[in-house]
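Source file: coords25.cif (mmCIF, N, CA, C and O atoms and all ligand atoms)
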data_entry
#
loop_
_atom_site.group_PDB
_atom_site.id
_atom_site.type_symbol
_atom_site.label_atom_id
_atom_site.label_comp_id
_atom_site.auth_asym_id
_atom_site.auth_seq_id
_atom_site.Cartn_x
_atom_site.Cartn_y
_atom_site.Cartn_z
ATOM 1 N N MET A 1255 12.078 -22.665 -18.800
ATOM 2 C CA MET A 1255 11.832 -21.668 -17.732
ATOM 3 C C MET A 1255 12.610 -20.402 -18.044
ATOM 4 O O MET A 1255 13.790 -20.436 -18.331
ATOM 5 N N ALA A 1256 11.921 -19.278 -17.959
ATOM 6 C CA ALA A 1256 12.560 -17.985 -18.187
ATOM 7 C C ALA A 1256 12.385 -17.128 -16.946
ATOM 8 O O ALA A 1256 11.538 -17.414 -16.106
ATOM 9 N N GLU A 1257 13.211 -16.099 -16.849
ATOM 10 C CA GLU A 1257 13.093 -15.168 -15.735
ATOM 11 C C GLU A 1257 13.041 -13.742 -16.248
ATOM 12 O O GLU A 1257 13.727 -13.403 -17.214
ATOM 13 N N ALA A 1258 12.223 -12.940 -15.596
ATOM 14 C CA ALA A 1258 12.184 -11.512 -15.908
ATOM 15 C C ALA A 1258 12.451 -10.758 -14.621
ATOM 16 O O ALA A 1258 11.924 -11.107 -13.567
ATOM 17 N N MET A 1259 13.293 -9.739 -14.699
ATOM 18 C CA MET A 1259 13.558 -8.884 -13.540
ATOM 19 C C MET A 1259 12.919 -7.531 -13.809
ATOM 20 O O MET A 1259 13.293 -6.844 -14.753
ATOM 21 N N LEU A 1260 11.930 -7.187 -12.994
ATOM 22 C CA LEU A 1260 11.202 -5.943 -13.185
ATOM 23 C C LEU A 1260 11.512 -4.971 -12.055
ATOM 24 O O LEU A 1260 11.730 -5.383 -10.918
ATOM 25 N N THR A 1261 11.529 -3.697 -12.367
ATOM 26 C CA THR A 1261 11.605 -2.655 -11.351
ATOM 27 C C THR A 1261 10.188 -2.137 -11.120
ATOM 28 O O THR A 1261 9.500 -1.783 -12.069
ATOM 29 N N VAL A 1262 9.766 -2.143 -9.859
ATOM 30 C CA VAL A 1262 8.391 -1.753 -9.537
ATOM 31 C C VAL A 1262 8.410 -0.729 -8.408
ATOM 32 O O VAL A 1262 8.904 -1.014 -7.314
ATOM 33 N N LYS A 1263 7.873 0.436 -8.679
ATOM 34 C CA LYS A 1263 7.790 1.493 -7.669
ATOM 35 C C LYS A 1263 6.469 1.401 -6.923
ATOM 36 O O LYS A 1263 5.476 0.914 -7.458
ATOM 37 N N GLY A 1264 6.487 1.900 -5.689
ATOM 38 C CA GLY A 1264 5.254 1.997 -4.918
ATOM 39 C C GLY A 1264 5.051 0.879 -3.918
ATOM 40 O O GLY A 1264 4.078 0.891 -3.178
ATOM 41 N N MET A 1265 5.971 -0.082 -3.867
ATOM 42 C CA MET A 1265 5.852 -1.177 -2.896
ATOM 43 C C MET A 1265 6.520 -0.726 -1.590
ATOM 44 O O MET A 1265 7.674 -0.301 -1.593
ATOM 45 N N LYS A 1266 5.757 -0.813 -0.472
ATOM 46 C CA LYS A 1266 6.258 -0.279 0.796
ATOM 47 C C LYS A 1266 6.450 -1.336 1.877
ATOM 48 O O LYS A 1266 7.147 -1.095 2.853
ATOM 49 N N CYS A 1267 5.793 -2.452 1.765
ATOM 50 C CA CYS A 1267 5.814 -3.400 2.881
ATOM 51 C C CYS A 1267 5.540 -4.818 2.373
ATOM 52 O O CYS A 1267 5.340 -5.037 1.181
ATOM 53 N N GLY A 1268 5.510 -5.742 3.309
ATOM 54 C CA GLY A 1268 5.252 -7.124 2.936
ATOM 55 C C GLY A 1268 3.876 -7.326 2.312
ATOM 56 O O GLY A 1268 3.689 -8.216 1.490
ATOM 57 N N GLY A 1269 2.923 -6.486 2.720
ATOM 58 C CA GLY A 1269 1.586 -6.581 2.127
ATOM 59 C C GLY A 1269 1.609 -6.225 0.660
ATOM 60 O O GLY A 1269 0.955 -6.878 -0.171
ATOM 61 N N CYS A 1270 2.372 -5.189 0.327
ATOM 62 C CA CYS A 1270 2.522 -4.809 -1.081
ATOM 63 C C CYS A 1270 3.166 -5.946 -1.862
ATOM 64 O O CYS A 1270 2.749 -6.275 -2.975
ATOM 65 N N ALA A 1271 4.213 -6.536 -1.267
ATOM 66 C CA ALA A 1271 4.900 -7.646 -1.933
ATOM 67 C C ALA A 1271 3.919 -8.777 -2.227
ATOM 68 O O ALA A 1271 3.921 -9.365 -3.313
ATOM 69 N N LYS A 1272 3.060 -9.055 -1.246
ATOM 70 C CA LYS A 1272 2.088 -10.136 -1.412
ATOM 71 C C LYS A 1272 1.066 -9.783 -2.496
ATOM 72 O O LYS A 1272 0.664 -10.642 -3.288
ATOM 73 N N ASN A 1273 0.645 -8.509 -2.518
ATOM 74 C CA ASN A 1273 -0.306 -8.077 -3.548
ATOM 75 C C ASN A 1273 0.268 -8.289 -4.940
ATOM 76 O O ASN A 1273 -0.418 -8.789 -5.847
ATOM 77 N N VAL A 1274 1.532 -7.890 -5.112
ATOM 78 C CA VAL A 1274 2.171 -8.031 -6.427
ATOM 79 C C VAL A 1274 2.341 -9.510 -6.779
ATOM 80 O O VAL A 1274 2.072 -9.933 -7.908
ATOM 81 N N GLU A 1275 2.767 -10.271 -5.783
ATOM 82 C CA GLU A 1275 2.963 -11.708 -6.021
ATOM 83 C C GLU A 1275 1.640 -12.372 -6.436
ATOM 84 O O GLU A 1275 1.580 -13.113 -7.424
ATOM 85 N N ASN A 1276 0.584 -12.087 -5.688
ATOM 86 C CA ASN A 1276 -0.709 -12.704 -6.000
ATOM 87 C C ASN A 1276 -1.209 -12.292 -7.377
ATOM 88 O O ASN A 1276 -1.776 -13.113 -8.113
ATOM 89 N N ALA A 1277 -1.014 -11.015 -7.723
ATOM 90 C CA ALA A 1277 -1.466 -10.527 -9.028
ATOM 91 C C ALA A 1277 -0.740 -11.256 -10.151
ATOM 92 O O ALA A 1277 -1.352 -11.687 -11.136
ATOM 93 N N LEU A 1278 0.576 -11.415 -9.985
ATOM 94 C CA LEU A 1278 1.357 -12.062 -11.047
ATOM 95 C C LEU A 1278 1.006 -13.541 -11.175
ATOM 96 O O LEU A 1278 1.004 -14.095 -12.282
ATOM 97 N N LYS A 1279 0.700 -14.165 -10.052
ATOM 98 C CA LYS A 1279 0.417 -15.602 -10.098
ATOM 99 C C LYS A 1279 -0.927 -15.923 -10.744
ATOM 100 O O LYS A 1279 -1.218 -17.097 -10.995
ATOM 101 N N THR A 1280 -1.749 -14.902 -10.996
ATOM 102 C CA THR A 1280 -2.985 -15.156 -11.751
ATOM 103 C C THR A 1280 -2.688 -15.356 -13.231
ATOM 104 O O THR A 1280 -3.557 -15.799 -13.973
ATOM 105 N N LEU A 1281 -1.479 -15.028 -13.670
ATOM 106 C CA LEU A 1281 -1.127 -15.230 -15.084
ATOM 107 C C LEU A 1281 -0.711 -16.683 -15.304
ATOM 108 O O LEU A 1281 0.161 -17.189 -14.600
ATOM 109 N N PRO A 1282 -1.309 -17.347 -16.292
ATOM 110 C CA PRO A 1282 -0.901 -18.719 -16.577
ATOM 111 C C PRO A 1282 0.568 -18.760 -17.007
ATOM 112 O O PRO A 1282 1.000 -17.929 -17.811
ATOM 113 N N GLY A 1283 1.321 -19.676 -16.445
ATOM 114 C CA GLY A 1283 2.723 -19.814 -16.822
ATOM 115 C C GLY A 1283 3.678 -19.219 -15.813
ATOM 116 O O GLY A 1283 4.859 -19.537 -15.815
ATOM 117 N N VAL A 1284 3.157 -18.349 -14.922
ATOM 118 C CA VAL A 1284 4.017 -17.770 -13.887
ATOM 119 C C VAL A 1284 4.132 -18.762 -12.737
ATOM 120 O O VAL A 1284 3.143 -19.131 -12.110
ATOM 121 N N SER A 1285 5.354 -19.205 -12.469
ATOM 122 C CA SER A 1285 5.549 -20.250 -11.459
ATOM 123 C C SER A 1285 6.215 -19.744 -10.195
ATOM 124 O O SER A 1285 6.131 -20.380 -9.154
ATOM 125 N N GLY A 1286 6.882 -18.610 -10.291
ATOM 126 C CA GLY A 1286 7.551 -18.096 -9.104
ATOM 127 C C GLY A 1286 7.671 -16.582 -9.148
ATOM 128 O O GLY A 1286 7.888 -16.004 -10.202
ATOM 129 N N VAL A 1287 7.505 -15.958 -7.974
ATOM 130 C CA VAL A 1287 7.641 -14.504 -7.878
ATOM 131 C C VAL A 1287 8.469 -14.197 -6.637
ATOM 132 O O VAL A 1287 8.136 -14.665 -5.543
ATOM 133 N N ALA A 1288 9.553 -13.441 -6.808
ATOM 134 C CA ALA A 1288 10.383 -13.042 -5.681
ATOM 135 C C ALA A 1288 10.442 -11.519 -5.640
ATOM 136 O O ALA A 1288 10.985 -10.886 -6.542
ATOM 137 N N VAL A 1289 9.843 -10.941 -4.588
ATOM 138 C CA VAL A 1289 9.780 -9.485 -4.458
ATOM 139 C C VAL A 1289 10.819 -9.017 -3.454
ATOM 140 O O VAL A 1289 10.934 -9.579 -2.366
ATOM 141 N N ASP A 1290 11.571 -7.991 -3.821
ATOM 142 C CA ASP A 1290 12.476 -7.311 -2.893
ATOM 143 C C ASP A 1290 11.958 -5.879 -2.746
ATOM 144 O O ASP A 1290 12.172 -5.040 -3.629
ATOM 145 N N VAL A 1291 11.248 -5.625 -1.647
ATOM 146 C CA VAL A 1291 10.606 -4.318 -1.467
ATOM 147 C C VAL A 1291 11.648 -3.206 -1.397
ATOM 148 O O VAL A 1291 11.507 -2.154 -2.017
ATOM 149 N N LYS A 1292 12.725 -3.429 -0.647
ATOM 150 C CA LYS A 1292 13.743 -2.378 -0.473
ATOM 151 C C LYS A 1292 14.410 -2.005 -1.791
ATOM 152 O O LYS A 1292 14.697 -0.846 -2.049
ATOM 153 N N ALA A 1293 14.643 -3.006 -2.623
ATOM 154 C CA ALA A 1293 15.311 -2.764 -3.902
ATOM 155 C C ALA A 1293 14.330 -2.396 -5.003
ATOM 156 O O ALA A 1293 14.739 -2.073 -6.119
ATOM 157 N N SER A 1294 13.032 -2.488 -4.710
ATOM 158 C CA SER A 1294 11.981 -2.222 -5.712
ATOM 159 C C SER A 1294 12.093 -3.140 -6.924
ATOM 160 O O SER A 1294 11.888 -2.709 -8.055
ATOM 161 N N THR A 1295 12.440 -4.407 -6.681
ATOM 162 C CA THR A 1295 12.549 -5.344 -7.788
ATOM 163 C C THR A 1295 11.600 -6.524 -7.589
ATOM 164 O O THR A 1295 11.251 -6.895 -6.471
ATOM 165 N N VAL A 1296 11.194 -7.075 -8.721
ATOM 166 C CA VAL A 1296 10.358 -8.269 -8.743
ATOM 167 C C VAL A 1296 10.945 -9.230 -9.768
ATOM 168 O O VAL A 1296 11.070 -8.877 -10.944
ATOM 169 N N LYS A 1297 11.327 -10.405 -9.305
ATOM 170 C CA LYS A 1297 11.850 -11.427 -10.221
ATOM 171 C C LYS A 1297 10.741 -12.450 -10.470
ATOM 172 O O LYS A 1297 10.195 -13.030 -9.534
ATOM 173 N N VAL A 1298 10.445 -12.652 -11.744
ATOM 174 C CA VAL A 1298 9.358 -13.543 -12.118
ATOM 175 C C VAL A 1298 9.918 -14.739 -12.888
ATOM 176 O O VAL A 1298 10.645 -14.565 -13.870
ATOM 177 N N SER A 1299 9.607 -15.927 -12.416
ATOM 178 C CA SER A 1299 9.951 -17.151 -13.149
ATOM 179 C C SER A 1299 8.704 -17.594 -13.901
ATOM 180 O O SER A 1299 7.616 -17.659 -13.319
ATOM 181 N N TYR A 1300 8.874 -17.902 -15.182
ATOM 182 C CA TYR A 1300 7.684 -18.210 -15.985
ATOM 183 C C TYR A 1300 8.052 -19.096 -17.163
ATOM 184 O O TYR A 1300 9.225 -19.265 -17.507
ATOM 185 N N GLU A 1301 7.013 -19.631 -17.757
ATOM 186 C CA GLU A 1301 7.193 -20.377 -19.000
ATOM 187 C C GLU A 1301 5.934 -20.212 -19.820
ATOM 188 O O GLU A 1301 4.921 -19.714 -19.347
ATOM 189 N N GLY A 1302 6.020 -20.617 -21.076
ATOM 190 C CA GLY A 1302 4.859 -20.466 -21.949
ATOM 191 C C GLY A 1302 4.833 -19.099 -22.592
ATOM 192 O O GLY A 1302 5.860 -18.450 -22.735
ATOM 193 N N SER A 1303 3.639 -18.657 -22.960
ATOM 194 C CA SER A 1303 3.533 -17.481 -23.825
ATOM 195 C C SER A 1303 3.289 -16.190 -23.059
ATOM 196 O O SER A 1303 3.039 -15.156 -23.668
ATOM 197 N N VAL A 1304 3.328 -16.239 -21.739
ATOM 198 C CA VAL A 1304 3.111 -15.015 -20.968
ATOM 199 C C VAL A 1304 4.213 -14.000 -21.284
ATOM 200 O O VAL A 1304 5.370 -14.363 -21.470
ATOM 201 N N THR A 1305 3.831 -12.721 -21.388
ATOM 202 C CA THR A 1305 4.795 -11.687 -21.766
ATOM 203 C C THR A 1305 5.054 -10.729 -20.607
ATOM 204 O O THR A 1305 4.248 -10.612 -19.682
ATOM 205 N N VAL A 1306 6.167 -10.033 -20.702
ATOM 206 C CA VAL A 1306 6.515 -9.033 -19.691
ATOM 207 C C VAL A 1306 5.463 -7.926 -19.667
ATOM 208 O O VAL A 1306 5.117 -7.402 -18.602
ATOM 209 N N ASP A 1307 4.923 -7.573 -20.832
ATOM 210 C CA ASP A 1307 3.867 -6.552 -20.864
ATOM 211 C C ASP A 1307 2.644 -6.990 -20.058
ATOM 212 O O ASP A 1307 2.029 -6.177 -19.360
ATOM 213 N N GLN A 1308 2.295 -8.256 -20.156
ATOM 214 C CA GLN A 1308 1.164 -8.770 -19.369
ATOM 215 C C GLN A 1308 1.471 -8.698 -17.878
ATOM 216 O O GLN A 1308 0.599 -8.365 -17.068
ATOM 217 N N MET A 1309 2.711 -9.011 -17.511
ATOM 218 C CA MET A 1309 3.116 -8.916 -16.097
ATOM 219 C C MET A 1309 2.984 -7.485 -15.609
ATOM 220 O O MET A 1309 2.440 -7.225 -14.529
ATOM 221 N N LYS A 1310 3.475 -6.548 -16.414
ATOM 222 C CA LYS A 1310 3.416 -5.140 -16.015
ATOM 223 C C LYS A 1310 1.972 -4.678 -15.875
ATOM 224 O O LYS A 1310 1.649 -3.894 -14.975
ATOM 225 N N GLN A 1311 1.110 -5.149 -16.751
ATOM 226 C CA GLN A 1311 -0.299 -4.755 -16.672
ATOM 227 C C GLN A 1311 -0.923 -5.256 -15.367
ATOM 228 O O GLN A 1311 -1.670 -4.528 -14.702
ATOM 229 N N LYS A 1312 -0.620 -6.481 -15.000
ATOM 230 C CA LYS A 1312 -1.143 -7.030 -13.736
ATOM 231 C C LYS A 1312 -0.659 -6.219 -12.542
ATOM 232 O O LYS A 1312 -1.403 -5.967 -11.588
ATOM 233 N N ILE A 1313 0.607 -5.826 -12.590
ATOM 234 C CA ILE A 1313 1.166 -5.026 -11.498
ATOM 235 C C ILE A 1313 0.474 -3.670 -11.430
ATOM 236 O O ILE A 1313 0.128 -3.186 -10.348
ATOM 237 N N ARG A 1314 0.237 -3.074 -12.589
ATOM 238 C CA ARG A 1314 -0.484 -1.797 -12.629
ATOM 239 C C ARG A 1314 -1.897 -1.953 -12.078
ATOM 240 O O ARG A 1314 -2.370 -1.125 -11.303
ATOM 241 N N ASP A 1315 -2.565 -3.033 -12.492
ATOM 242 C CA ASP A 1315 -3.939 -3.281 -12.018
ATOM 243 C C ASP A 1315 -3.969 -3.416 -10.497
ATOM 244 O O ASP A 1315 -4.973 -3.091 -9.863
ATOM 245 N N ALA A 1316 -2.877 -3.917 -9.923
ATOM 246 C CA ALA A 1316 -2.811 -4.099 -8.468
ATOM 247 C C ALA A 1316 -2.471 -2.784 -7.755
ATOM 248 O O ALA A 1316 -2.484 -2.728 -6.528
ATOM 249 N N GLY A 1317 -2.134 -1.746 -8.527
ATOM 250 C CA GLY A 1317 -1.927 -0.435 -7.933
ATOM 251 C C GLY A 1317 -0.478 0.003 -7.783
ATOM 252 O O GLY A 1317 -0.194 0.985 -7.095
ATOM 253 N N TYR A 1318 0.440 -0.715 -8.439
ATOM 254 C CA TYR A 1318 1.860 -0.361 -8.340
ATOM 255 C C TYR A 1318 2.384 0.060 -9.699
ATOM 256 O O TYR A 1318 1.670 -0.024 -10.693
ATOM 257 N N LYS A 1319 3.635 0.525 -9.702
ATOM 258 C CA LYS A 1319 4.150 1.194 -10.903
ATOM 259 C C LYS A 1319 5.382 0.493 -11.463
ATOM 260 O O LYS A 1319 6.507 0.790 -11.059
ATOM 261 N N PRO A 1320 5.203 -0.408 -12.408
ATOM 262 C CA PRO A 1320 6.355 -1.022 -13.069
ATOM 263 C C PRO A 1320 7.036 -0.028 -14.001
ATOM 264 O O PRO A 1320 6.364 0.837 -14.577
ATOM 265 N N GLU A 1321 8.346 -0.135 -14.123
ATOM 266 C CA GLU A 1321 9.074 0.785 -15.011
ATOM 267 C C GLU A 1321 9.510 0.060 -16.274
ATOM 268 O O GLU A 1321 9.583 -1.154 -16.305
HETATM 269 CU CU CU B 1 2.427 -2.242 1.647
#
structure tokens encoding of this file:
Amino acid sequence: MAEAMLTVKGMKCGGCAKNVENALKTLPGVSGVAVDVKASTVKVSYEGSVTVDQMKQKIRDAGYKPE
């Protein structure tokens, strides 16, 4: 199990958090997502071959801005 801590701009509320969480969970290997809207952070627990770039792409596709 690995963890990635991402900074994501554009999240304003619990709905945004849910959007990001749902988007990330479509990636195989992602087992947990913890969003902190106020801190603009997303902690992703994952295993397997999923990459941080793939996570960022999913977040972008959902309409938010990973840094
Ligand atoms: Cu929102």
TODO: Please identify every polymer residue within 8 Å of ligand CU 1 (chain B), using all atoms listed in the file, and present the set as number ranges by chain.
DONE: A: 1264-1273
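Across the structure, CA of Lys1297 (chain A) and CA of Ala1258 (chain A) are spaced 5.7 Å apart.
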Task: Among the residues A:Pro1282, A:Pro1320, A:Asp1307, A:Val1298, the one that comes closest to Met1259 (chain A) [using all atoms listed in the file] - done: A:Val1298
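Between atom N of Leu1281 (chain A) and CA of Tyr1318 (chain A) lies a distance of 16.0 Å.
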- [ ] Write down as number ranges by chain the residues belonging to region 1256-1316 of chain A that are assigned strand (DSSP E or B) by DSSP computed on the backbone.
- [x] A: 1256-1263, 1284-1290, 1295-1300
Task: Picked residues, the PyMOL selection byres (((chain A and resi 1290-1294) around 5) and not hetatm), as a ChimeraX atom specification - done: /A:1260-1262,1265,1288-1289,1295-1296
TODO: Tell me which protein, DNA and RNA residues are within 7 Å of Met1255 (chain A), counting only N, CA, C and O atoms, leaving out same-chain ones fewer than 5 positions away, and put them as a ChimeraX atom specification.
DONE: /A:1299-1302
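Distance-wise, atom O of Asp1315 (chain A) and atom O of Asn1276 (chain A) end up 10.7 Å apart.
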Draw an axis-aligned box tight on the listed atoms of region 1257-1266 of chain A, then pad every side by 3 Å and write out centre and edge lengths in Å to one decimal as JSON.
{"center_x": 8.9, "center_y": -7.1, "center_z": -7.2, "size_x": 15.6, "size_y": 24.1, "size_z": 26.1}
Task: For Val1304 (chain A): contacts at 7 Å, all atoms listed in the file, fewer than 5 positions along chain excluded, given as a ChimeraX atom specification - done: /A:1282-1284,1309
- [ ] Would you mind writing down, as a ChimeraX atom specification, each residue of chain A that DSSP on the backbone assigns to helix (DSSP H, G or I)?
- [x] /A:1268-1279,1306-1315
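Minimum atom-to-atom distance to Ser1285 (chain A), evaluated using all atoms listed in the file, belongs to A:Ala1256 out of A:Ser1303, A:Lys1319, A:Lys1312, A:Ala1256.
The closest residue to Ala1277 (chain A), picked from A:Ile1313, A:Lys1263, A:Thr1305, A:Glu1257 and counting all atoms listed in the file, is A:Ile1313.
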Please fill the gaps in region 1289-1300 of chain A so it has all heavy atoms, and write that as a compact mmCIF listing (two decimals), keeping the file's coordinate frame.
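Once written, rebuild.txt looks like this:
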# COMPACT_ATOMS: atom_id res chain seq x y z
N VAL A 1289 9.84 -10.94 -4.59
CA VAL A 1289 9.78 -9.48 -4.46
C VAL A 1289 10.82 -9.02 -3.45
O VAL A 1289 10.93 -9.58 -2.37
CB VAL A 1289 8.38 -9.05 -3.99
CG1 VAL A 1289 8.33 -7.53 -3.82
CG2 VAL A 1289 7.31 -9.52 -4.97
N ASP A 1290 11.57 -7.99 -3.82
CA ASP A 1290 12.48 -7.31 -2.89
C ASP A 1290 11.96 -5.88 -2.75
O ASP A 1290 12.17 -5.04 -3.63
CB ASP A 1290 13.90 -7.33 -3.45
CG ASP A 1290 14.91 -6.75 -2.46
OD1 ASP A 1290 14.53 -5.85 -1.68
OD2 ASP A 1290 16.07 -7.20 -2.47
N VAL A 1291 11.25 -5.62 -1.65
CA VAL A 1291 10.61 -4.32 -1.47
C VAL A 1291 11.65 -3.21 -1.40
O VAL A 1291 11.51 -2.15 -2.02
CB VAL A 1291 9.73 -4.33 -0.20
CG1 VAL A 1291 9.22 -2.92 0.12
CG2 VAL A 1291 8.55 -5.29 -0.38
N LYS A 1292 12.72 -3.43 -0.65
CA LYS A 1292 13.74 -2.38 -0.47
C LYS A 1292 14.41 -2.00 -1.79
O LYS A 1292 14.70 -0.85 -2.05
CB LYS A 1292 14.81 -2.83 0.52
CG LYS A 1292 14.35 -2.69 1.96
CD LYS A 1292 15.55 -2.66 2.91
CE LYS A 1292 15.11 -2.37 4.33
NZ LYS A 1292 15.39 -3.46 5.25
N ALA A 1293 14.64 -3.01 -2.62
CA ALA A 1293 15.31 -2.76 -3.90
C ALA A 1293 14.33 -2.40 -5.00
O ALA A 1293 14.74 -2.07 -6.12
CB ALA A 1293 16.12 -3.99 -4.31
N SER A 1294 13.03 -2.49 -4.71
CA SER A 1294 11.98 -2.22 -5.71
C SER A 1294 12.09 -3.14 -6.92
O SER A 1294 11.89 -2.71 -8.06
CB SER A 1294 12.01 -0.76 -6.18
OG SER A 1294 11.79 0.10 -5.09
N THR A 1295 12.44 -4.41 -6.68
CA THR A 1295 12.55 -5.34 -7.79
C THR A 1295 11.60 -6.52 -7.59
O THR A 1295 11.25 -6.90 -6.47
CB THR A 1295 13.98 -5.90 -7.93
OG1 THR A 1295 14.36 -6.54 -6.71
CG2 THR A 1295 14.97 -4.80 -8.26
N VAL A 1296 11.19 -7.08 -8.72
CA VAL A 1296 10.36 -8.27 -8.74
C VAL A 1296 10.94 -9.23 -9.77
O VAL A 1296 11.07 -8.88 -10.94
CB VAL A 1296 8.89 -7.94 -9.12
CG1 VAL A 1296 8.05 -9.21 -9.16
CG2 VAL A 1296 8.30 -6.94 -8.14
N LYS A 1297 11.33 -10.40 -9.30
CA LYS A 1297 11.85 -11.43 -10.22
C LYS A 1297 10.74 -12.45 -10.47
O LYS A 1297 10.20 -13.03 -9.53
CB LYS A 1297 13.08 -12.10 -9.63
CG LYS A 1297 13.78 -13.03 -10.62
CD LYS A 1297 15.14 -13.44 -10.11
CE LYS A 1297 15.01 -14.50 -9.03
NZ LYS A 1297 16.34 -15.01 -8.61
N VAL A 1298 10.44 -12.65 -11.74
CA VAL A 1298 9.36 -13.54 -12.12
C VAL A 1298 9.92 -14.74 -12.89
O VAL A 1298 10.64 -14.56 -13.87
CB VAL A 1298 8.33 -12.81 -13.01
CG1 VAL A 1298 7.13 -13.71 -13.28
CG2 VAL A 1298 7.88 -11.50 -12.37
N SER A 1299 9.61 -15.93 -12.42
CA SER A 1299 9.95 -17.15 -13.15
C SER A 1299 8.70 -17.59 -13.90
O SER A 1299 7.62 -17.66 -13.32
CB SER A 1299 10.38 -18.25 -12.19
OG SER A 1299 11.44 -17.80 -11.37
N TYR A 1300 8.87 -17.90 -15.18
CA TYR A 1300 7.68 -18.21 -15.98
C TYR A 1300 8.05 -19.10 -17.16
O TYR A 1300 9.22 -19.26 -17.51
CB TYR A 1300 7.03 -16.92 -16.48
CG TYR A 1300 7.87 -16.12 -17.44
CD1 TYR A 1300 7.64 -16.18 -18.81
CD2 TYR A 1300 8.91 -15.31 -16.98
CE1 TYR A 1300 8.41 -15.44 -19.70
CE2 TYR A 1300 9.68 -14.57 -17.86
CZ TYR A 1300 9.43 -14.64 -19.22
OH TYR A 1300 10.20 -13.93 -20.10
